[in-house]
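First the structure, in the form of structure tokens, and then the observations on it.
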Amino acid sequence: MKTFNYHSAKDVKEASKLASSNSVFLAGGMTTIPSMKLGLASYKDIIDIKKISKLSGIKVSGKTIKIGATTRHVEVANSKDVKKAIPSLAALAEGIGDPQVRNRGTIGGSIANNDPAADYPSACIALNAIIHTNNRKIDAENFFKGMFETSLKKTEIIELVEFEIPQKSSYQKLANPASRYAIVGVYVAKYKTGINVAVTGAKSCVYNDKDLANALSKNFSPSVIENVKISSSKMNSDIHASSEYRANMVKVFAKKAVEAC
């Protein structure tokens, strides 16, 4: 591991000022630290933001839940407020990694990293999330750009994630037995205004499957999913699953999600 400068920021303003083209924000460190140890990434400055109290906490406000960026997965999983308002979100958090990861990893870090097989990005898409940064508010549909790519700027910090409370929702995934990352994960959320079907693990970036959403908006039943064609042309293919298998699993787990709603 190469040498670096460590900073413990007292507030968001200080953290943002310390940021540069060769720095990284650190909260749980579940991706940053392993990447540095393996030589996959190096930084001049590590900016620790986990002591900034403003960035942590869970609050139900009207029709939304606001979760601070440094709130750990275990806190979301165990939150009575989350379990009551969006139980599927608490269940998603409970299914992330292992106890060590859930006790260190943070929601903001997961979203900012945007791993193509991560769980939280699908929650953001399905639950019409708005990502609040120190500079602006970004709709989830415009936040995730590609594999490990988001619309965040280098000095921009996620402060909180605001989820819209749905009428019904469920997240179902085929988990890698070792990492618990989603080989395929499908998050279905039903609102008065429409339905979202967010898919993670299947492609290079999380996406909202409009074909499945349109079919379910006409008939919210697992049976209609069978008639929706899922192309495998842009699906991931690796040692864990072929593109054709992933395409089939999108339908399988979409059905499971609808059944569980």
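Each chain in the structure tokens gets a letter, A, B and so on, in the order shown; residues start at 1 in every chain, and ligands are counted from 1 in the order they appear.
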
Name the residues in contact with A:Ala19 at a cut-off of 8 Å, using only C-alpha atoms, excluding same-chain residues fewer than 6 positions from it; report them as a ChimeraX atom specification. /A:25,45,47,154-155

What are the closest atom pairs, with distances in Å to one decimal, for all residues of stretch 74-186 of chain A lying within 12 Å of stretch 226-239 of chain A? Consider only C-alpha atoms, order rows by chain and residue number, and present the result as CSV.
```
residue,atom,partner,partner_atom,distance
A:Pro116,CA,A:Asn236,CA,9.6
A:Ala117,CA,A:Asn236,CA,10.2
A:Met147,CA,A:Asn236,CA,11.3
A:Asn176,CA,A:Ile239,CA,11.1
A:Ala182,CA,A:Asn236,CA,11.9
A:Ile183,CA,A:Asn236,CA,9.3
A:Val184,CA,A:Asn236,CA,9.9
```

Residue with the minimum atom-to-atom distance to A:Gly95, picked from A:Phe163, A:Ser223, A:Val24, A:Leu174 with only C-alpha atoms counted, is A:Leu174

### Polymer residues at most 12 Å from A:Ile96, only C-alpha atoms, same-chain spacing of 6 or more positions, as a VMD selection string
chain A and resid 30 72 to 74 76 to 77 89 to 90 102 to 107 110 117 to 120 171 173 175 to 182 185

Among A:Val258, A:Ala112, A:Ala202, A:Ala215, A:His240 is approached most closely, using only C-alpha atoms, by A:Ala202

Within 10 Å of stretch 151-153 of chain A, counting only C-alpha atoms, which residues qualify if same-chain residues fewer than 5 places away don't, as a PyMOL selection string? chain A and resi 21+112+133+135+138+140+142-146+158

Got a sec to tell me which of stretch 46-182 of chain A DSSP assigns to strand (DSSP E or B), as a short mmCIF file (atom, residue, chain, number, x, y, z; two decimals) with N, CA, C and O atoms, in the first residue's frame?
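Final output, saved to selection.cif:
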```cif
data_model
loop_
_atom_site.label_atom_id
_atom_site.label_comp_id
_atom_site.auth_asym_id
_atom_site.auth_seq_id
_atom_site.Cartn_x
_atom_site.Cartn_y
_atom_site.Cartn_z
N ILE A 46 -6.70 10.69 2.00
CA ILE A 46 -7.85 9.94 2.47
C ILE A 46 -8.61 10.86 3.42
O ILE A 46 -8.07 11.31 4.43
N ILE A 47 -9.87 11.14 3.10
CA ILE A 47 -10.66 12.08 3.89
C ILE A 47 -11.75 11.32 4.63
O ILE A 47 -12.74 10.89 4.05
N ASP A 48 -11.55 11.15 5.91
CA ASP A 48 -12.47 10.39 6.76
C ASP A 48 -13.66 11.26 7.13
O ASP A 48 -13.50 12.33 7.73
N ILE A 58 -31.57 8.24 10.63
CA ILE A 58 -32.74 7.84 9.85
C ILE A 58 -33.94 8.65 10.32
O ILE A 58 -34.19 8.75 11.52
N LYS A 59 -34.67 9.22 9.36
CA LYS A 59 -35.83 10.04 9.73
C LYS A 59 -36.97 9.82 8.74
O LYS A 59 -36.78 9.91 7.52
N VAL A 60 -38.14 9.51 9.27
CA VAL A 60 -39.35 9.41 8.44
C VAL A 60 -40.01 10.78 8.42
O VAL A 60 -40.27 11.37 9.47
N SER A 61 -40.24 11.29 7.21
CA SER A 61 -40.81 12.62 7.07
C SER A 61 -41.90 12.58 6.00
O SER A 61 -41.60 12.51 4.80
N THR A 64 -41.72 10.10 2.88
CA THR A 64 -40.37 9.67 2.55
C THR A 64 -39.59 9.24 3.79
O THR A 64 -39.96 9.58 4.92
N ILE A 65 -38.53 8.50 3.54
CA ILE A 65 -37.55 8.16 4.58
C ILE A 65 -36.22 8.77 4.15
O ILE A 65 -35.78 8.57 3.01
N LYS A 66 -35.61 9.51 5.05
CA LYS A 66 -34.29 10.10 4.78
C LYS A 66 -33.24 9.36 5.60
O LYS A 66 -33.37 9.24 6.82
N ILE A 67 -32.22 8.87 4.92
CA ILE A 67 -31.16 8.10 5.57
C ILE A 67 -29.83 8.78 5.30
O ILE A 67 -29.44 8.99 4.14
N GLY A 68 -29.13 9.14 6.37
CA GLY A 68 -27.84 9.80 6.24
C GLY A 68 -26.81 8.91 5.56
O GLY A 68 -26.83 7.68 5.68
N ARG A 72 -24.93 3.03 8.75
CA ARG A 72 -24.44 1.69 8.43
C ARG A 72 -25.59 0.76 8.05
O ARG A 72 -26.72 0.96 8.44
N THR A 106 -21.55 1.52 4.67
CA THR A 106 -22.53 2.60 4.75
C THR A 106 -23.33 2.71 3.46
O THR A 106 -22.86 2.35 2.38
N ILE A 130 -34.01 10.30 -4.08
CA ILE A 130 -33.32 11.54 -4.40
C ILE A 130 -32.04 11.56 -3.56
O ILE A 130 -32.09 11.43 -2.34
N ILE A 131 -30.90 11.68 -4.23
CA ILE A 131 -29.62 11.71 -3.54
C ILE A 131 -29.26 13.16 -3.26
O ILE A 131 -29.08 13.96 -4.19
N HIS A 132 -29.19 13.51 -1.97
CA HIS A 132 -28.84 14.87 -1.57
C HIS A 132 -27.33 14.96 -1.38
O HIS A 132 -26.76 14.20 -0.60
N THR A 133 -26.69 15.88 -2.07
CA THR A 133 -25.26 16.12 -1.86
C THR A 133 -25.08 17.49 -1.22
O THR A 133 -26.05 18.20 -0.96
N LYS A 137 -29.46 18.20 -5.45
CA LYS A 137 -30.27 17.01 -5.30
C LYS A 137 -30.33 16.30 -6.66
O LYS A 137 -30.58 16.93 -7.68
N ILE A 138 -30.09 14.98 -6.65
CA ILE A 138 -30.00 14.23 -7.89
C ILE A 138 -31.01 13.07 -7.87
O ILE A 138 -30.99 12.25 -6.95
N ASP A 139 -31.88 13.01 -8.86
CA ASP A 139 -32.79 11.87 -8.99
C ASP A 139 -31.98 10.61 -9.26
O ASP A 139 -31.00 10.63 -10.03
N PHE A 144 -26.92 7.12 -11.45
CA PHE A 144 -26.10 5.96 -11.82
C PHE A 144 -25.82 5.99 -13.32
O PHE A 144 -26.73 5.88 -14.13
N LYS A 145 -24.54 6.11 -13.68
CA LYS A 145 -24.17 6.34 -15.07
C LYS A 145 -23.59 5.12 -15.79
O LYS A 145 -23.71 4.98 -17.00
N GLY A 146 -22.94 4.24 -15.06
CA GLY A 146 -22.32 3.08 -15.67
C GLY A 146 -21.57 2.29 -14.61
O GLY A 146 -21.69 2.57 -13.42
N GLU A 149 -19.60 4.07 -11.95
CA GLU A 149 -19.65 5.47 -12.39
C GLU A 149 -20.97 6.12 -11.96
O GLU A 149 -22.04 5.56 -12.17
N THR A 150 -20.87 7.30 -11.36
CA THR A 150 -22.05 8.08 -10.99
C THR A 150 -21.89 9.51 -11.47
O THR A 150 -20.85 9.87 -12.04
N ILE A 158 -22.14 12.88 -0.75
CA ILE A 158 -23.53 12.50 -0.48
C ILE A 158 -23.82 12.77 0.99
O ILE A 158 -23.09 12.32 1.87
N GLU A 159 -24.88 13.52 1.25
CA GLU A 159 -25.27 13.82 2.63
C GLU A 159 -26.38 12.90 3.12
O GLU A 159 -26.35 12.43 4.26
N LEU A 160 -27.36 12.65 2.25
CA LEU A 160 -28.42 11.72 2.62
C LEU A 160 -29.12 11.20 1.38
O LEU A 160 -28.98 11.76 0.29
N VAL A 161 -29.85 10.12 1.58
CA VAL A 161 -30.65 9.52 0.50
C VAL A 161 -32.10 9.53 0.95
O VAL A 161 -32.43 9.06 2.04
N GLU A 162 -32.96 10.08 0.11
CA GLU A 162 -34.38 10.21 0.43
C GLU A 162 -35.20 9.24 -0.42
O GLU A 162 -35.21 9.33 -1.65
N PHE A 163 -35.86 8.29 0.23
CA PHE A 163 -36.66 7.27 -0.46
C PHE A 163 -38.14 7.58 -0.33
O PHE A 163 -38.62 7.93 0.76
N GLU A 164 -38.87 7.41 -1.43
CA GLU A 164 -40.32 7.59 -1.41
C GLU A 164 -40.97 6.29 -0.92
O GLU A 164 -40.67 5.21 -1.43
N LYS A 168 -46.53 -0.91 -2.03
CA LYS A 168 -46.03 -2.27 -1.87
C LYS A 168 -44.62 -2.33 -2.44
O LYS A 168 -44.30 -1.60 -3.39
N SER A 169 -43.81 -3.22 -1.91
CA SER A 169 -42.47 -3.38 -2.48
C SER A 169 -41.83 -4.67 -1.97
O SER A 169 -42.18 -5.18 -0.91
N SER A 170 -40.88 -5.16 -2.75
CA SER A 170 -40.11 -6.34 -2.35
C SER A 170 -38.82 -6.39 -3.15
O SER A 170 -38.80 -6.05 -4.34
N TYR A 171 -37.75 -6.80 -2.49
CA TYR A 171 -36.47 -7.02 -3.15
C TYR A 171 -36.10 -8.48 -3.03
O TYR A 171 -36.08 -9.03 -1.93
N GLN A 172 -35.83 -9.11 -4.16
CA GLN A 172 -35.46 -10.52 -4.18
C GLN A 172 -34.19 -10.67 -5.02
O GLN A 172 -34.07 -10.06 -6.09
N LYS A 173 -33.26 -11.49 -4.53
CA LYS A 173 -32.02 -11.65 -5.29
C LYS A 173 -31.50 -13.08 -5.26
O LYS A 173 -31.75 -13.83 -4.32
N LEU A 174 -30.77 -13.40 -6.33
CA LEU A 174 -29.96 -14.61 -6.38
C LEU A 174 -28.58 -14.17 -5.92
O LEU A 174 -27.86 -13.48 -6.65
N ALA A 175 -28.21 -14.54 -4.71
CA ALA A 175 -26.97 -14.04 -4.12
C ALA A 175 -25.80 -14.95 -4.41
O ALA A 175 -25.93 -16.18 -4.39
N ALA A 182 -25.34 -9.53 -5.54
CA ALA A 182 -26.43 -10.05 -6.38
C ALA A 182 -25.89 -10.54 -7.72
O ALA A 182 -25.32 -9.76 -8.48
#
```

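Straight-line separation from atom CA of A:Leu127 to atom CA of A:Gly57: 18.6 Å.
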
Using DSSP on the backbone, list every residue of stretch 126-261 of chain A that comes out as alpha helix (DSSP H), and give them as a PyMOL selection string. chain A and resi 126+140-143+210-218+243-260

Counting only C-alpha atoms, what is within 6 Å of A:Phe253, bar same-chain residues fewer than 3 positions away, as a ChimeraX atom specification? /A:172,186,249-250,256

Those residues you just picked out, can you put them in a file as a short mmCIF file (atom, residue, chain, number, x, y, z; two decimals), in the first residue's frame with N, CA and C atoms?
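Wrote it out as out05.cif, contents follow:
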```
data_model
loop_
_atom_site.label_atom_id
_atom_site.label_comp_id
_atom_site.auth_asym_id
_atom_site.auth_seq_id
_atom_site.Cartn_x
_atom_site.Cartn_y
_atom_site.Cartn_z
N GLN A 172 -35.83 -9.11 -4.16
CA GLN A 172 -35.46 -10.52 -4.18
C GLN A 172 -34.19 -10.67 -5.02
N VAL A 186 -33.77 -8.14 -8.09
CA VAL A 186 -34.91 -7.39 -8.66
C VAL A 186 -35.70 -6.74 -7.53
N MET A 249 -33.10 -15.29 -15.00
CA MET A 249 -33.23 -15.01 -13.57
C MET A 249 -33.91 -13.67 -13.30
N VAL A 250 -33.80 -12.73 -14.22
CA VAL A 250 -34.52 -11.46 -14.05
C VAL A 250 -36.01 -11.74 -13.97
N LYS A 256 -40.82 -13.53 -8.09
CA LYS A 256 -40.68 -13.70 -6.64
C LYS A 256 -40.98 -12.40 -5.92
#
```

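Taking atom CA of A:Ala69 and atom CA of A:Leu55 as endpoints, the distance between them is 5.4 Å.
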
Here atom CA of A:Ile225 and atom CA of A:Lys83 stand apart by 27.6 Å
